[in-house]
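K.L.:
So that you have it, the file is upload21.pdb, and it contains PDB, C-alpha atoms and all ligand atoms:
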MODEL        1
ATOM      1  CA  MET V   1      13.506  15.407  16.736  1.00  0.00           C
ATOM      2  CA  LEU V   2      13.537  16.871  13.231  1.00  0.00           C
ATOM      3  CA  ILE V   3      14.556  14.824  10.230  1.00  0.00           C
ATOM      4  CA  VAL V   4      14.694  15.377   6.471  1.00  0.00           C
ATOM      5  CA  ARG V   5      12.761  13.078   4.176  1.00  0.00           C
ATOM      6  CA  ARG V   6      15.775  12.535   1.988  1.00  0.00           C
ATOM      7  CA  ASP V   7      13.880  10.912  -0.860  1.00  0.00           C
ATOM      8  CA  LEU V   8      11.920  14.150  -1.344  1.00  0.00           C
ATOM      9  CA  CYS V   9      14.634  16.765  -0.631  1.00  0.00           C
ATOM     10  CA  ARG V  10      15.601  18.791  -3.697  1.00  0.00           C
ATOM     11  CA  GLY V  11      18.853  20.118  -2.316  1.00  0.00           C
ATOM     12  CA  CYS V  12      17.868  23.774  -2.673  1.00  0.00           C
ATOM     13  CA  GLY V  13      19.736  24.744   0.531  1.00  0.00           C
ATOM     14  CA  LEU V  14      17.070  27.127   1.873  1.00  0.00           C
ATOM     15  CA  CYS V  15      16.953  25.234   5.155  1.00  0.00           C
ATOM     16  CA  ILE V  16      20.700  25.734   5.571  1.00  0.00           C
ATOM     17  CA  GLU V  17      20.323  29.493   5.255  1.00  0.00           C
ATOM     18  CA  SER V  18      17.499  29.508   7.823  1.00  0.00           C
ATOM     19  CA  CYS V  19      19.342  27.534  10.510  1.00  0.00           C
ATOM     20  CA  PRO V  20      20.864  29.668  13.296  1.00  0.00           C
ATOM     21  CA  GLN V  21      22.820  26.678  14.614  1.00  0.00           C
ATOM     22  CA  GLN V  22      24.576  25.703  11.363  1.00  0.00           C
ATOM     23  CA  ALA V  23      23.095  22.280  11.992  1.00  0.00           C
ATOM     24  CA  ILE V  24      22.247  21.462   8.391  1.00  0.00           C
ATOM     25  CA  THR V  25      24.605  20.403   5.623  1.00  0.00           C
ATOM     26  CA  LEU V  26      24.110  19.130   2.109  1.00  0.00           C
ATOM     27  CA  ILE V  27      25.492  15.681   1.473  1.00  0.00           C
ATOM     28  CA  SER V  28      25.080  14.327  -2.057  1.00  0.00           C
ATOM     29  CA  ASN V  29      22.634  17.179  -2.728  1.00  0.00           C
ATOM     30  CA  THR V  30      20.430  16.191   0.210  1.00  0.00           C
ATOM     31  CA  ALA V  31      19.993  18.029   3.517  1.00  0.00           C
ATOM     32  CA  HIS V  32      21.158  16.346   6.719  1.00  0.00           C
ATOM     33  CA  ILE V  33      20.475  17.626  10.230  1.00  0.00           C
ATOM     34  CA  ASN V  34      23.164  17.320  12.891  1.00  0.00           C
ATOM     35  CA  GLN V  35      21.031  16.396  15.916  1.00  0.00           C
ATOM     36  CA  GLU V  36      23.727  17.464  18.363  1.00  0.00           C
ATOM     37  CA  ARG V  37      23.644  21.029  17.052  1.00  0.00           C
ATOM     38  CA  CYS V  38      19.882  21.339  16.482  1.00  0.00           C
ATOM     39  CA  ASN V  39      17.966  23.313  19.125  1.00  0.00           C
ATOM     40  CA  GLN V  40      14.495  22.440  17.710  1.00  0.00           C
ATOM     41  CA  CYS V  41      13.701  26.032  16.715  1.00  0.00           C
ATOM     42  CA  ARG V  42      11.859  24.741  13.612  1.00  0.00           C
ATOM     43  CA  ARG V  43      12.967  27.577  11.340  1.00  0.00           C
ATOM     44  CA  CYS V  44      14.065  25.040   8.768  1.00  0.00           C
ATOM     45  CA  VAL V  45      10.589  23.479   8.785  1.00  0.00           C
ATOM     46  CA  GLU V  46       9.106  26.820   7.779  1.00  0.00           C
ATOM     47  CA  ALA V  47      11.870  27.547   5.263  1.00  0.00           C
ATOM     48  CA  CYS V  48      11.585  24.300   3.313  1.00  0.00           C
ATOM     49  CA  PRO V  49       9.388  24.842   0.234  1.00  0.00           C
ATOM     50  CA  GLN V  50       8.957  21.081  -0.175  1.00  0.00           C
ATOM     51  CA  GLY V  51       7.731  20.487   3.383  1.00  0.00           C
ATOM     52  CA  VAL V  52      10.117  17.599   3.748  1.00  0.00           C
ATOM     53  CA  ILE V  53      11.520  18.455   7.185  1.00  0.00           C
ATOM     54  CA  ILE V  54       9.312  16.665   9.663  1.00  0.00           C
ATOM     55  CA  GLU V  55       9.207  16.000  13.377  1.00  0.00           C
ATOM     56  CA  VAL V  56       9.474  12.445  14.622  1.00  0.00           C
ATOM     57  CA  ALA V  57       9.466  11.062  18.136  1.00  0.00           C
ATOM     58  CA  PRO V  58      12.972  10.199  19.301  1.00  0.00           C
ATOM     59  CA  VAL V  59      13.497   6.478  19.682  1.00  0.00           C
ATOM     60  CA  SER V  60      15.435   5.181  22.673  1.00  0.00           C
ATOM     61  CA  LYS V  61      18.265   2.689  22.233  1.00  0.00           C
ATOM     62  CA  HIS V  62      16.207   0.096  24.097  1.00  0.00           C
ATOM     63  CA  GLU V  63      13.177   0.550  21.772  1.00  0.00           C
ATOM     64  CA  LEU V  64      15.437   0.339  18.740  1.00  0.00           C
ATOM     65  CA  GLN V  65      17.023  -2.894  19.974  1.00  0.00           C
ATOM     66  CA  ALA V  66      13.591  -4.389  20.701  1.00  0.00           C
ATOM     67  CA  ASN V  67      12.417  -3.503  17.178  1.00  0.00           C
ATOM     68  CA  VAL V  68      15.520  -4.975  15.572  1.00  0.00           C
ATOM     69  CA  THR V  69      15.164  -8.182  17.614  1.00  0.00           C
ATOM     70  CA  GLY V  70      11.484  -8.426  16.642  1.00  0.00           C
ATOM     71  CA  LEU V  71      12.323  -7.974  12.969  1.00  0.00           C
ATOM     72  CA  LYS V  72      15.137 -10.526  13.165  1.00  0.00           C
ATOM     73  CA  ASP V  73      12.738 -13.084  14.637  1.00  0.00           C
ATOM     74  CA  LYS V  74      10.225 -12.450  11.849  1.00  0.00           C
ATOM     75  CA  VAL V  75      12.896 -12.783   9.149  1.00  0.00           C
ATOM     76  CA  GLU V  76      14.163 -16.045  10.659  1.00  0.00           C
ATOM     77  CA  ASP V  77      10.592 -17.343  10.825  1.00  0.00           C
ATOM     78  CA  LEU V  78      10.021 -16.430   7.168  1.00  0.00           C
ATOM     79  CA  ILE V  79      13.269 -18.091   6.095  1.00  0.00           C
ATOM     80  CA  SER V  80      12.351 -21.325   7.843  1.00  0.00           C
ATOM     81  CA  LYS V  81       8.876 -21.267   6.248  1.00  0.00           C
ATOM     82  CA  ILE V  82      10.444 -20.783   2.795  1.00  0.00           C
ATOM     83  CA  GLU V  83      12.866 -23.647   3.441  1.00  0.00           C
ATOM     84  CA  ARG V  84      10.002 -25.922   4.478  1.00  0.00           C
ATOM     85  CA  LEU V  85       8.095 -24.994   1.327  1.00  0.00           C
ATOM     86  CA  ARG V  86      11.162 -25.716  -0.813  1.00  0.00           C
ATOM     87  CA  GLU V  87      11.491 -29.172   0.735  1.00  0.00           C
ATOM     88  CA  LYS V  88       7.928 -29.943  -0.333  1.00  0.00           C
ATOM     89  CA  VAL V  89       8.543 -28.954  -3.991  1.00  0.00           C
TER      90      VAL V  89
HETATM   91  S1  LIG M   1      15.203  23.162  14.011  1.00  0.00           S
HETATM   92 FE1  LIG M   1      16.405  25.089  14.039  1.00  0.00          FE
HETATM   93  S2  LIG M   1      18.402  24.471  14.796  1.00  0.00           S
HETATM   94 FE2  LIG M   1      17.371  22.593  14.198  1.00  0.00          FE
HETATM   95  S3  LIG M   1      18.040  22.228  12.123  1.00  0.00           S
HETATM   96 FE3  LIG M   1      16.114  23.379  11.995  1.00  0.00          FE
HETATM   97  S4  LIG M   1      16.701  25.526  11.872  1.00  0.00           S
HETATM   98 FE4  LIG M   1      18.492  24.384  12.590  1.00  0.00          FE
HETATM   99  S1  LIG M   2      14.871  23.425   2.092  1.00  0.00           S
HETATM  100 FE1  LIG M   2      13.879  21.427   1.947  1.00  0.00          FE
HETATM  101  S2  LIG M   2      14.193  20.793  -0.176  1.00  0.00           S
HETATM  102 FE2  LIG M   2      15.627  22.483   0.234  1.00  0.00          FE
HETATM  103  S3  LIG M   2      17.531  21.434   0.873  1.00  0.00           S
HETATM  104 FE3  LIG M   2      16.374  21.896   2.724  1.00  0.00          FE
HETATM  105  S4  LIG M   2      15.165  20.019   3.120  1.00  0.00           S
HETATM  106 FE4  LIG M   2      15.875  19.934   1.007  1.00  0.00          FE
ENDMDL
END
Hey, can you dump this file as structure tokens for me?
Ligand code: SF4
Ligand code: SF4
P.N.:
Amino acid sequence: MLIVRRDLCRGCGLCIESCPQQAITLISNTAHINQERCNQCRRCVEACPQGVIIEVAPVSKHELQANVTGLKDKVEDLISKIERLREKV
């Protein structure tokens, strides 16, 4: 799956011109890839002068949910530690 590193995109639009699927649009001067249209041809990767279009492994819904649950547990643990520390002060 290809994504744009939005923090580094300069909004030049060269990737849009290179895409045969019309899968890329500029939103607030930043490129966004429509994953449903993208056919992984990677032309945009070669067209981007900033090198900010990168490939990432797709994450399944199950993996995403497991990560969110893990993070939630850590946040709750941190909050309870902070509360315990506050009680001591
Ligand atoms: S990989 Fe190809 S189809 Fe997908 S966004 Fe880039 S240029 Fe378009
Ligand atoms: S070519 Fe690169 S820098 Fe230019 S709009 Fe596309 S992603 Fe952004």
K.L.:
Do you know which residues the PyMOL selection byres (((chain V and resi 38) around 9) and not hetatm) returns on this file, as an MDAnalysis selection string?
P.N.:
chainID V and resid 1:2 19:24 33:37 39:41
K.L.:
When you draw a straight line from CA of Leu26 in chain V to atom FE4 of ligand LIG 2 (chain M), how long is it in Å?
P.N.:
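Interatomic distance, CA of Leu26 in chain V to atom FE4 of ligand LIG 2 (chain M): 8.3 Å.
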K.L.:
Can you tell me which residues surround range 44-59 of chain V at a distance of at most 7 Å, considering only C-alpha atoms, apart from same-chain residues fewer than 4 positions away, and format the answer as a ChimeraX atom specification?
P.N.:
/V:1-5,8-9,14-15,18-19,63-64
K.L.:
Atom S1 of ligand LIG 2 (chain M) and CA of Gly11 in chain V, how far apart in Å?
P.N.:
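Interatomic distance, CA of Gly11 in chain V to atom S1 of ligand LIG 2 (chain M): 6.8 Å.
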K.L.:
Near Arg10 in chain V, counting all atoms listed in the file, which residues have an atom at most 9 Å away, once you skip same-chain residues fewer than 2 positions from it, shown as a PyMOL selection string?
P.N.:
chain V and resi 6-8+12-13+29-31+50
K.L.:
Can you spit out the residues from that selection as a PDB file, keeping the file's coordinate frame, using C-alpha atoms?
P.N.:
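Wrote it out as result38.pdb, contents follow:
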ATOM      1  CA  ARG V   6      15.775  12.535   1.988  1.00  0.00           C
ATOM      2  CA  ASP V   7      13.880  10.912  -0.860  1.00  0.00           C
ATOM      3  CA  LEU V   8      11.920  14.150  -1.344  1.00  0.00           C
ATOM      4  CA  CYS V  12      17.868  23.774  -2.673  1.00  0.00           C
ATOM      5  CA  GLY V  13      19.736  24.744   0.531  1.00  0.00           C
ATOM      6  CA  ASN V  29      22.634  17.179  -2.728  1.00  0.00           C
ATOM      7  CA  THR V  30      20.430  16.191   0.210  1.00  0.00           C
ATOM      8  CA  ALA V  31      19.993  18.029   3.517  1.00  0.00           C
ATOM      9  CA  GLN V  50       8.957  21.081  -0.175  1.00  0.00           C
TER      10      GLN V  50
END
K.L.:
Between CA of Val68 in chain V and CA of Arg84 in chain V, what is the distance, to one decimal in Å?
P.N.:
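Here the two named atoms are 24.3 Å from each other.
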K.L.:
Nearest to ligand LIG 1 (chain M) among V:Ser28, V:Glu17, V:Glu87, V:His62, with distances taken over only C-alpha atoms and all ligand atoms: which residue is it?
P.N.:
V:Glu17
K.L.:
Out of V:Asn67, V:Ser80, V:Thr25, V:Ser60, which residue has the shortest atom-to-atom distance to ligand LIG 1 (chain M) when counting all atoms listed in the file?
P.N.:
V:Thr25
K.L.:
Draw an axis-aligned box tight on the listed atoms of ligand LIG 1 (chain M), then pad every side by 3 Å and write out centre and edge lengths in Å to one decimal as lines of an AutoDock Vina configuration file.
P.N.:
center_x = 16.8
center_y = 23.9
center_z = 13.3
size_x = 9.3
size_y = 9.3
size_z = 8.9
K.L.:
Which of these residues is nearest to ligand LIG 1 (chain M), using all atoms listed in the file: V:His32, V:Gln65, V:Ile27, V:Leu78?
P.N.:
V:His32
K.L.:
Between V:Lys88, V:Ile82, V:Arg43, V:Ala66, which is the closest to ligand LIG 2 (chain M) once you count all atoms listed in the file?
P.N.:
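Selected residue with least distance to ligand LIG 2 (chain M): V:Arg43.
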